[in-house]
Each structure stands twice: as structure tokens, then as C-alpha cells.
$ cat data34.cif   # mmCIF, C-alpha atoms
data_entry
#
loop_
_atom_site.label_atom_id
_atom_site.label_comp_id
_atom_site.auth_asym_id
_atom_site.auth_seq_id
_atom_site.Cartn_x
_atom_site.Cartn_y
_atom_site.Cartn_z
CA MET G 72 54.10 37.68 30.71
CA SER G 73 55.14 36.35 27.31
CA ASN G 74 52.39 36.29 24.72
CA ARG G 75 53.88 33.18 23.13
CA GLY G 76 52.30 29.77 23.51
CA GLY G 77 49.25 28.88 25.58
CA LYS G 78 45.72 28.13 24.54
CA ARG G 79 44.41 29.81 21.41
CA GLU G 80 40.69 30.27 21.10
CA ASN G 81 39.09 28.25 18.27
CA ALA G 82 42.35 26.45 17.51
CA GLY G 83 42.44 22.82 16.46
CA ARG G 84 39.98 20.73 14.53
CA PRO G 85 36.36 21.61 15.44
CA SER G 86 34.63 18.77 17.25
CA GLY G 87 32.28 16.71 15.14
CA GLN G 88 34.55 16.85 12.07
CA GLY G 89 36.01 13.40 12.50
CA LYS G 90 35.00 10.42 10.43
CA TYR G 91 32.21 9.47 12.81
CA GLY G 92 31.13 12.91 13.96
CA GLU G 93 31.70 12.04 17.61
CA PRO G 94 34.65 11.55 19.98
CA THR G 95 36.44 8.20 19.54
CA VAL G 96 38.27 5.88 21.91
CA THR G 97 41.19 3.54 21.33
CA MET G 98 40.28 -0.06 21.83
CA ARG G 99 41.95 -3.45 21.90
CA ILE G 100 40.29 -6.07 19.74
CA PRO G 101 41.14 -9.72 19.14
CA GLN G 102 43.31 -10.08 16.06
CA SER G 103 40.91 -12.58 14.48
CA GLN G 104 38.01 -10.12 14.69
CA GLY G 105 39.78 -7.20 13.07
CA ALA G 106 38.19 -7.58 9.66
CA THR G 107 34.71 -8.17 11.11
CA ILE G 108 34.86 -5.07 13.23
CA LYS G 109 36.16 -3.00 10.36
CA ASN G 110 33.22 -4.17 8.17
CA PHE G 111 30.80 -3.36 10.95
CA LEU G 112 32.18 0.15 11.28
CA ASP G 113 32.10 0.70 7.51
CA ALA G 114 28.46 -0.35 7.41
CA TYR G 115 27.74 1.88 10.39
CA GLN G 116 29.43 4.77 8.62
CA ARG G 117 27.42 4.19 5.43
CA LYS G 118 24.22 4.06 7.42
CA ARG G 119 25.16 7.23 9.29
CA THR G 120 25.83 9.25 6.17
CA ASP G 121 23.00 7.72 4.12
CA SER G 122 20.48 8.70 6.75
CA ASP G 123 21.17 12.30 5.82
CA HIS G 124 19.33 11.50 2.62
CA GLU G 125 15.68 10.92 2.64
CA ALA G 126 14.14 7.74 3.97
CA THR G 127 10.95 8.92 2.42
CA ASN G 128 10.62 11.57 -0.28
CA VAL G 129 6.87 11.82 0.05
CA ASP G 130 5.16 14.52 2.05
CA GLU G 131 1.40 14.66 2.01
CA PHE G 132 -1.46 12.83 0.34
CA PHE G 133 -4.27 14.77 -1.30
CA ILE G 134 -7.64 13.82 -2.66
CA PRO G 135 -8.38 15.18 -6.13
CA VAL G 136 -11.53 17.28 -6.26
CA ILE G 137 -13.44 16.45 -9.41
CA SER G 138 -16.18 18.90 -10.18
CA ASP G 139 -19.14 18.16 -12.42
CA GLN G 140 -18.38 21.22 -14.51
CA PRO G 141 -15.08 20.78 -16.26
CA THR G 142 -12.89 23.87 -16.25
CA LEU G 143 -12.30 24.29 -19.96
CA LEU G 144 -9.49 26.58 -20.92
CA PRO G 145 -8.23 27.23 -24.42
CA LEU G 146 -5.19 25.23 -25.41
CA PHE G 147 -2.75 26.79 -27.83
CA SER G 148 -2.00 24.42 -30.67
CA THR G 149 1.61 25.46 -31.16
CA LYS G 150 3.94 24.93 -28.26
CA VAL G 151 4.93 28.41 -27.21
CA ALA G 152 8.72 28.54 -26.86
CA ALA G 153 8.59 31.17 -24.15
CA GLY G 154 7.74 33.74 -26.79
CA PHE G 155 4.54 34.79 -28.53
CA PRO G 156 2.33 32.52 -30.62
CA SER G 157 2.29 33.49 -34.24
CA PRO G 158 -0.82 35.50 -35.18
CA ALA G 159 -1.07 33.27 -38.23
CA ASP G 160 -1.90 30.23 -36.12
CA ASP G 161 -5.40 29.08 -35.39
CA HIS G 162 -4.44 29.23 -31.82
CA VAL G 163 -7.60 28.18 -30.10
CA GLU G 164 -8.51 24.80 -31.52
CA LYS G 165 -9.14 22.75 -28.49
CA SER G 166 -10.27 23.10 -24.96
CA LEU G 167 -8.42 21.53 -22.09
CA ASP G 168 -9.76 20.52 -18.73
CA VAL G 169 -6.88 20.22 -16.31
CA SER G 170 -8.45 17.42 -14.26
CA GLU G 171 -9.23 15.42 -17.37
CA PHE G 172 -5.67 15.86 -18.59
CA LEU G 173 -4.10 14.74 -15.34
CA ILE G 174 -6.51 12.09 -14.11
CA ASP G 175 -7.61 8.91 -15.87
CA HIS G 176 -9.47 7.09 -13.14
CA ALA G 177 -10.50 9.37 -10.29
CA ALA G 178 -11.56 6.57 -7.95
CA SER G 179 -7.99 5.25 -7.82
CA THR G 180 -6.09 8.55 -8.04
CA PHE G 181 -4.31 10.52 -5.32
CA PHE G 182 -2.00 13.52 -5.33
CA VAL G 183 1.20 13.42 -3.35
CA THR G 184 3.76 16.16 -2.61
CA ILE G 185 7.42 15.54 -3.43
CA LYS G 186 9.97 16.15 -0.69
CA GLY G 187 13.69 16.43 -1.40
CA ASP G 188 15.56 16.36 -4.68
CA SER G 189 16.07 12.66 -5.31
CA MET G 190 14.00 12.74 -8.52
CA VAL G 191 14.96 16.04 -10.11
CA ASP G 192 16.43 14.43 -13.23
CA VAL G 193 12.95 13.30 -14.31
CA GLY G 194 11.51 16.71 -13.61
CA LEU G 195 10.11 16.17 -10.12
CA LEU G 196 11.19 19.04 -7.90
CA PRO G 197 10.61 19.48 -4.17
CA GLY G 198 7.08 20.72 -3.60
CA ASP G 199 5.74 19.33 -6.88
CA LYS G 200 2.47 17.45 -6.77
CA VAL G 201 2.45 14.08 -8.49
CA VAL G 202 -0.59 12.17 -9.70
CA VAL G 203 -0.59 8.58 -8.44
CA ASP G 204 -2.98 6.06 -9.99
CA ARG G 205 -3.42 2.79 -8.09
CA SER G 206 -5.25 1.09 -10.93
CA LYS G 207 -2.31 1.15 -13.35
CA THR G 208 -0.07 -1.91 -13.58
CA PRO G 209 3.54 -0.83 -13.01
CA VAL G 210 5.99 -1.50 -15.81
CA ILE G 211 9.80 -1.28 -15.69
CA GLY G 212 10.76 2.33 -16.29
CA ASP G 213 7.62 3.75 -14.66
CA ILE G 214 7.93 6.21 -11.82
CA VAL G 215 6.13 4.57 -8.93
CA LEU G 216 5.02 5.37 -5.41
CA ALA G 217 6.36 2.41 -3.45
CA VAL G 218 6.25 1.35 0.17
CA VAL G 219 9.59 -0.01 1.42
CA ASP G 220 9.81 -1.20 5.01
CA ARG G 221 6.61 0.76 5.65
CA GLU G 222 7.96 4.07 4.29
CA PHE G 223 6.57 5.74 1.18
CA THR G 224 9.06 6.62 -1.53
CA ILE G 225 8.84 7.76 -5.14
CA LYS G 226 11.40 6.15 -7.41
CA ILE G 227 11.82 4.63 -10.85
CA PHE G 228 10.80 0.98 -10.99
CA ASP G 229 13.55 -1.31 -12.26
CA HIS G 230 14.86 -4.86 -11.94
CA GLY G 231 18.19 -5.72 -10.41
CA ALA G 232 20.05 -9.00 -10.35
CA ASN G 233 17.84 -12.11 -10.60
CA LYS G 234 14.76 -10.02 -11.34
CA MET G 235 14.46 -8.64 -7.81
CA PRO G 236 12.92 -5.17 -7.83
CA ARG G 237 15.23 -2.21 -7.69
CA LEU G 238 14.09 1.37 -7.11
CA MET G 239 16.21 4.02 -8.81
CA PRO G 240 16.55 7.68 -7.84
CA ALA G 241 16.97 10.31 -10.57
CA ASN G 242 19.68 12.64 -9.40
CA SER G 243 22.99 12.69 -11.26
CA SER G 244 24.85 14.09 -8.25
CA GLY G 245 25.05 10.52 -6.98
CA ALA G 246 23.81 11.57 -3.57
CA TYR G 247 21.02 8.97 -3.64
CA LYS G 248 21.50 5.24 -3.89
CA PRO G 249 19.25 2.69 -5.57
CA ILE G 250 17.10 0.68 -3.21
CA TYR G 251 17.56 -3.04 -3.77
CA ILE G 252 14.52 -4.99 -2.59
CA ARG G 253 15.54 -8.13 -0.73
CA PRO G 254 13.17 -10.96 0.20
CA ASP G 255 13.30 -9.95 3.87
CA MET G 256 12.07 -6.41 3.15
CA GLN G 257 8.47 -5.31 3.15
CA PHE G 258 7.78 -3.98 -0.36
CA GLU G 259 4.67 -2.93 -2.22
CA ILE G 260 3.92 -0.65 -5.15
CA PHE G 261 1.16 1.68 -4.01
CA GLY G 262 0.56 3.21 -7.46
CA VAL G 263 2.07 4.52 -10.68
CA VAL G 264 2.97 8.20 -11.09
CA ILE G 265 1.18 9.23 -14.27
CA GLY G 266 1.82 12.97 -14.12
CA SER G 267 2.80 15.99 -12.07
CA PHE G 268 2.00 19.67 -11.66
CA ARG G 269 3.41 22.67 -9.88
CA ARG G 270 2.69 26.30 -9.10
CA PHE G 271 5.24 29.05 -9.47
CA LYS G 272 3.23 31.82 -7.89
CA MET H 123 -40.41 -12.36 -11.41
CA GLY H 124 -37.66 -14.95 -11.26
CA ASN H 125 -35.10 -15.45 -8.57
CA ARG H 126 -32.78 -12.53 -8.20
CA SER H 127 -29.18 -12.77 -7.06
CA ILE H 128 -28.21 -9.88 -4.84
CA ALA H 129 -24.69 -9.43 -3.51
CA LEU H 130 -23.95 -7.56 -0.31
CA ILE H 131 -20.49 -6.06 -0.33
CA ASP H 132 -19.12 -5.06 3.06
CA VAL H 133 -15.64 -3.71 3.72
CA ASN H 134 -13.80 -5.46 6.56
CA ASN H 135 -13.12 -3.17 9.52
CA PHE H 136 -13.70 -0.19 7.25
CA TYR H 137 -12.27 2.73 9.26
CA VAL H 138 -9.24 0.68 10.29
CA SER H 139 -8.70 -0.47 6.72
CA CYS H 140 -8.77 3.15 5.52
CA GLU H 141 -6.07 4.11 8.02
CA ARG H 142 -3.98 1.11 6.96
CA VAL H 143 -3.97 2.11 3.28
CA PHE H 144 -1.83 5.12 4.09
CA ASN H 145 0.12 3.59 6.96
CA THR H 146 1.05 0.00 6.28
CA ARG H 147 2.87 -0.15 9.60
CA LEU H 148 -0.57 -0.75 11.11
CA GLU H 149 -0.97 -4.06 9.25
CA GLY H 150 -1.13 -6.96 11.67
CA LYS H 151 -1.24 -4.65 14.68
CA PRO H 152 -4.22 -4.17 17.00
CA VAL H 153 -5.89 -0.92 15.87
CA VAL H 154 -9.10 0.79 16.98
CA VAL H 155 -10.78 3.86 15.60
CA LEU H 156 -12.65 5.97 18.15
CA SER H 157 -15.85 7.92 17.74
CA ASN H 158 -16.26 11.70 18.14
CA ASN H 159 -14.36 13.05 21.14
CA ASP H 160 -12.62 9.66 21.26
CA GLY H 161 -15.65 8.28 23.08
CA CYS H 162 -15.84 4.67 22.07
CA ALA H 163 -14.47 2.11 19.65
CA VAL H 164 -16.34 2.28 16.36
CA ALA H 165 -13.95 0.12 14.36
CA ARG H 166 -11.73 -2.71 15.51
CA SER H 167 -9.05 -4.60 13.62
CA ASN H 168 -9.18 -8.41 13.78
CA GLU H 169 -6.35 -8.35 16.31
CA VAL H 170 -8.43 -6.13 18.59
CA LYS H 171 -11.53 -8.28 18.12
CA ALA H 172 -9.44 -11.25 19.22
CA LEU H 173 -8.72 -9.42 22.48
CA GLY H 174 -12.45 -9.41 23.19
CA VAL H 175 -13.06 -5.71 22.61
CA LYS H 176 -16.72 -5.13 21.72
CA MET H 177 -18.11 -2.76 19.13
CA GLY H 178 -18.93 0.54 20.80
CA GLN H 179 -16.90 -0.20 23.91
CA PRO H 180 -16.03 3.08 25.65
CA TRP H 181 -12.40 4.13 25.38
CA PHE H 182 -11.99 4.74 29.11
CA GLN H 183 -12.71 1.06 29.65
CA LEU H 184 -10.10 0.09 27.07
CA LYS H 185 -7.18 2.17 28.21
CA ASP H 186 -5.55 -0.49 30.41
CA LEU H 187 -6.03 -3.18 27.78
CA ALA H 188 -4.58 -0.84 25.19
CA GLU H 189 -1.49 -0.23 27.24
CA LYS H 190 -1.05 -3.92 27.98
CA TYR H 191 -1.44 -5.13 24.38
CA GLY H 192 -0.19 -2.11 22.47
CA ILE H 193 -3.53 -1.27 20.90
CA ILE H 194 -3.12 1.74 18.62
CA ALA H 195 -6.07 4.12 18.78
CA TYR H 196 -7.00 6.62 16.09
CA SER H 197 -9.47 9.47 16.32
CA SER H 198 -11.96 9.15 13.50
CA ASN H 199 -11.08 10.94 10.29
CA TYR H 200 -14.45 11.15 8.58
CA ALA H 201 -13.12 13.12 5.61
CA LEU H 202 -10.83 10.21 4.80
CA TYR H 203 -13.50 7.54 5.33
CA THR H 204 -16.06 9.41 3.23
CA ASP H 205 -13.60 9.84 0.40
CA MET H 206 -12.53 6.19 0.46
CA SER H 207 -16.17 5.11 0.63
CA ASN H 208 -16.98 7.19 -2.46
CA ARG H 209 -14.10 5.54 -4.29
CA VAL H 210 -15.25 2.04 -3.32
CA MET H 211 -18.85 2.74 -4.30
CA SER H 212 -17.85 4.26 -7.62
CA ILE H 213 -15.72 1.23 -8.48
CA LEU H 214 -18.63 -1.07 -7.55
CA THR H 215 -20.84 0.57 -10.17
CA THR H 216 -18.62 -1.01 -12.80
CA PHE H 217 -19.76 -4.46 -11.69
CA SER H 218 -23.50 -4.15 -12.03
CA PRO H 219 -26.04 -1.80 -13.58
CA SER H 220 -28.02 -1.88 -10.39
CA ARG H 221 -26.35 -0.68 -7.21
CA GLU H 222 -27.74 0.49 -3.91
CA VAL H 223 -25.41 2.08 -1.38
CA TYR H 224 -26.55 1.04 2.06
CA SER H 225 -24.04 2.66 4.42
CA ILE H 226 -20.54 4.06 4.41
CA ASP H 227 -19.09 0.60 3.85
CA GLU H 228 -21.95 -1.58 2.63
CA CYS H 229 -23.49 -1.83 -0.80
CA PHE H 230 -26.00 -4.07 -2.58
CA LEU H 231 -25.38 -5.12 -6.16
CA ASP H 232 -27.93 -6.92 -8.32
CA LEU H 233 -26.00 -9.72 -9.95
CA THR H 234 -29.01 -11.50 -11.48
CA GLU H 235 -27.78 -10.83 -15.00
CA PHE H 236 -24.46 -12.46 -14.20
CA LYS H 237 -25.99 -15.78 -13.18
CA THR H 238 -24.87 -17.43 -16.43
CA ARG H 239 -21.31 -17.11 -15.18
CA SER H 240 -20.14 -18.36 -11.85
CA LEU H 241 -21.33 -15.93 -9.20
CA THR H 242 -18.59 -17.15 -6.88
CA LEU H 243 -15.91 -16.23 -9.37
CA TYR H 244 -17.56 -12.88 -10.04
CA GLY H 245 -17.66 -12.17 -6.34
CA GLN H 246 -13.98 -12.98 -6.07
CA LEU H 247 -13.28 -10.68 -9.00
CA ILE H 248 -15.13 -7.86 -7.27
CA ARG H 249 -13.04 -8.40 -4.16
#
$ encode --input "data34.cif" --output "C-alpha cells"
Amino acid sequence: MSNRGGKRENAGRPSGQGKYGEPTVTMRIPQSQGATIKNFLDAYQRKRTDSDHEATNVDEFFIPVISDQPTLLPLFSTKVAAGFPSPADDHVEKSLDVSEFLIDHAASTFFVTIKGDSMVDVGLLPGDKVVVDRSKTPVIGDIVLAVVDREFTIKIFDHGANKMPRLMPANSSGAYKPIYIRPDMQFEIFGVVIGSFRRFK
Amino acid sequence: MGNRSIALIDVNNFYVSCERVFNTRLEGKPVVVLSNNDGCAVARSNEVKALGVKMGQPWFQLKDLAEKYGIIAYSSNYALYTDMSNRVMSILTTFSPSREVYSIDECFLDLTEFKTRSLTLYGQLIR
């Protein structure tokens, strides 16, 4: 038998690589509806690919534990540029209590874990804890914990056209889109992110 | 001793309200919170009250009603309710020098010293 021709294993485009990720069919549509159907499919495609990126970038809520005894640790007065402080410095001038530094109003403060990388450009990495204070009034430019269509998300608070709220991600890769709040959407600002912290080890 | 003005502050449907803070999808829906071992209803949202469910009604009696009307049931999360109660009570201390915590969601405040202002407005401010 000739070894030319016939089926080759793993030949051809792998399934799921097409524009829609699924098999397609040819279809007749009325001429007048062509543009409508094309718009519908474009919107479907956007929704399909956007859903790869987080609906919510918030993982867990935590309650801060405030002890009566502050944990006072010495704070170096010069910022240490990853080297050694100079022996000439009066290096222990002040004491720092971590809770006091991070929390203004304990009764309205929660910690939340960041999921995903939509906010890396402002220094919020996946796994970071952020400090959310519900008593602060949000101001344009603040990082906020918002609820959009009943999902929690952490974004930068901004205004779009005609002063409608707009929530901005912080990731220069362009993988995340701003969320434009329309009148038909459920929207609420749960609190303002006033700080963050993270463990390496 | 003159007339004193005492306010009683009571959180509406406290356990349900706590759950709703972190899950706004529950707003407007019928929600119950069940006691230990999911025994009986210890908190009912207004929607559930409207269905005639009584305080303390056993869950086994409610199951059919729940299925029919889509009542969402939560097991009690006392750690959450205690924490939220502490937050509420600590905020209430800012409104009066004299505060007496009565239960997990009720608190008395002595507002006698605030009589020179409108007590109604002050009450609304507290809310």
C-alpha cells in the first residue's frame, strides 16, 4: 500500500480554535437583518472573551482584630533603600503599631483579599489584603470596593460622560475594561480602600 | 429628677441584615436565618414575614413554603453577627455618653442631654 495521502493524526486546525471556540453552521438570514445579526454576534463575542476576565476581583472578607495592647515596633526614620541604615542615624525615633497605621475607624473597617491582576498598576497584587473603610466618603481617584450588579469589585472611582460613575482597572496590558455604570445597573460603593498589606513568607 | 429621654435602637431583622451587607443579591428577597442545627427561623426578612412565617417557626414546617416562594435559608453565622453587633454598638457610643447594650441588636441610649435639639432629627441622624 502507498504511504501517500490518507488521514494524518493531529492534522488540521485543532477544534476550539475558531473565532467562537465551537463548531459553526452556515445559515441563511434575511438581507435586512444582516447588520443586526452581525452586531449581535460581535456583542456575543465580546461577552465571551470578556468573561475570561474577572467579574469580581474580590476573594474573602476579614474582620480586623484590634487588641487592647498595641504591638509597638521600632520604625526606622530613614527609608531603607534595600541596604543598611546608616549608623549615624538616630534610627529608632518612633514606634509604630501596625493596626493603628492601617486602620482609622475599626468599627467600619474590613480586610478583603485581592483576586486577579486587574489592579497591579496601583500596587495591588493577587493575594494582597486591602483595608476597606465604609465610613470614608469616596472621592474621584480613590480606589473603592464597589458592588456592581451584586458582584464585589475593586476599582478606581472615576466619572465618565455626563457624570455617570465609571470604574477603572489599573493594568496597562489593556486586558481589563472600564466598567461604565448605567442607570439600569445596580451600583453601590461599599467602602474606600485606604491601604493594603501583604506577606512574602 | 426631671424627665429623661431614652432611645431604644433596634436593628431591623438583624441576622438577615448582616447577611445582606455582604451579599446584596439577598435584598428584596425572602430570607430566613435558622437557629443551631437549622432548627427554626430566628430571623425573617420583611418578605418572609409577609408570607406569614412566625418567629421561631421550625424549619421542617417551612420547607414546602420555602420551595414554593423561593425563601432563601441561611444557617446562623454567630461570628459574623457578633462582630457586626460590636461595630453597631461601638458606633452608638458616639451618640450619647450613656449607653446600655441590651441584646445583640438592641441598645438603650440616654438622649436627655440632647433635648434642646430635635430628638426626632437626632434619631434620624443615628439611623
$ residues_around --input "data34.cif" --residues "Pro236 of chain G" --least-positions-apart "3" --cutoff "12 Å" --atoms "only C-alpha atoms" --output "list in words"
Pro209, Val210, Ile211, Gly212, Val215, Ala217, Val219, Lys226, Ile227, Phe228, Asp229, His230, Gly231, Ala232, Asn233, Met239, Pro249, Ile250, Tyr251, Ile252, Arg253, Pro254, Met256, Gln257, Phe258, Glu259 and Ile260 of chain G
$ write_last_selection --input "data34.cif" --atoms "C-alpha atoms" --output "tab-separated table (two decimals), in the frame of the given file"
chain	number	residue	atom	x	y	z
G	209	PRO	CA	3.54	-0.83	-13.01
G	210	VAL	CA	5.99	-1.50	-15.81
G	211	ILE	CA	9.80	-1.28	-15.69
G	212	GLY	CA	10.76	2.33	-16.29
G	215	VAL	CA	6.13	4.57	-8.93
G	217	ALA	CA	6.36	2.41	-3.45
G	219	VAL	CA	9.59	-0.01	1.42
G	226	LYS	CA	11.40	6.15	-7.41
G	227	ILE	CA	11.82	4.63	-10.85
G	228	PHE	CA	10.80	0.98	-10.99
G	229	ASP	CA	13.55	-1.31	-12.26
G	230	HIS	CA	14.86	-4.86	-11.94
G	231	GLY	CA	18.19	-5.72	-10.41
G	232	ALA	CA	20.05	-9.00	-10.35
G	233	ASN	CA	17.84	-12.11	-10.60
G	239	MET	CA	16.21	4.02	-8.81
G	249	PRO	CA	19.25	2.69	-5.57
G	250	ILE	CA	17.10	0.68	-3.21
G	251	TYR	CA	17.56	-3.04	-3.77
G	252	ILE	CA	14.52	-4.99	-2.59
G	253	ARG	CA	15.54	-8.13	-0.73
G	254	PRO	CA	13.17	-10.96	0.20
G	256	MET	CA	12.07	-6.41	3.15
G	257	GLN	CA	8.47	-5.31	3.15
G	258	PHE	CA	7.78	-3.98	-0.36
G	259	GLU	CA	4.67	-2.93	-2.22
G	260	ILE	CA	3.92	-0.65	-5.15
$ interface_residues --input "data34.cif" --of "chain H" --to "chain G" --cutoff "7 Å" --atoms "all atoms listed in the file" --output "list in words"
Thr146, Arg147, Arg209, Ser212 and Ile213 of chain H
$ residues_around --input "data34.cif" --residues "Gly187 of chain G" --least-positions-apart "4" --cutoff "10 Å" --atoms "all atoms listed in the file" --output "PyMOL selection string"
chain G and resi 124-125+127-130+191+195-198
$ atom_distance --input "data34.cif" --atom1 "atom CA of Met98 of chain G" --atom2 "atom CA of Gln116 of chain G"
17.8 Å
$ residues_around --input "data34.cif" --residues "Asp199 of chain G" --least-positions-apart "3" --cutoff "10 Å" --atoms "all atoms listed in the file" --output "list in words"
Phe182, Val183, Thr184, Ile185, Lys186, Gly194, Leu195, Leu196, Val202, Ser267, Phe268, Arg269 and Arg270 of chain G
$ atom_distance --input "data34.cif" --atom1 "atom CA of Asn208 of chain H" --atom2 "atom CA of Asn125 of chain H"
29.6 Å
$ resolve_selection --input "data34.cif" --expression "the PyMOL selection byres ((chain H and resi 214-229) around 9)" --output "list in words"
Ala129, Leu130, Ile131, Asp132, Val133, Asn134, Phe136, Tyr137, Tyr203, Thr204, Ser207, Asn208, Arg209, Val210, Met211, Ser212, Ile213, Phe230, Leu231, Asp232, Leu233, Glu235, Phe236, Tyr244 and Ile248 of chain H
$ resolve_selection --input "data34.cif" --expression "the PyMOL selection byres ((chain H and resi 169-173) around 10)" --output "PyMOL selection string"
chain H and resi 149-154+165-168+174-177+187-188+191-194
$ atom_distance --input "data34.cif" --atom1 "atom CA of Arg205 of chain G" --atom2 "atom CA of Thr234 of chain H"
29.5 Å
$ axis_aligned_box --input "data34.cif" --around "segment 150-158 of chain H" --padding-each-side "5 Å" --output "JSON"
{"center_x": -8.7, "center_y": 2.4, "center_z": 14.9, "size_x": 25.1, "size_y": 28.7, "size_z": 16.5}
$ closest_residue --input "data34.cif" --among "G:Arg79, G:Lys109, G:Phe133, G:Pro240" --to "Asp205 of chain H" --atoms "all atoms listed in the file"
G:Phe133
$ resolve_selection --input "data34.cif" --expression "the PyMOL selection byres ((chain H and resi 159) around 12)" --output "PyMOL selection string"
chain H and resi 155-158+160-164+180-182+196-199
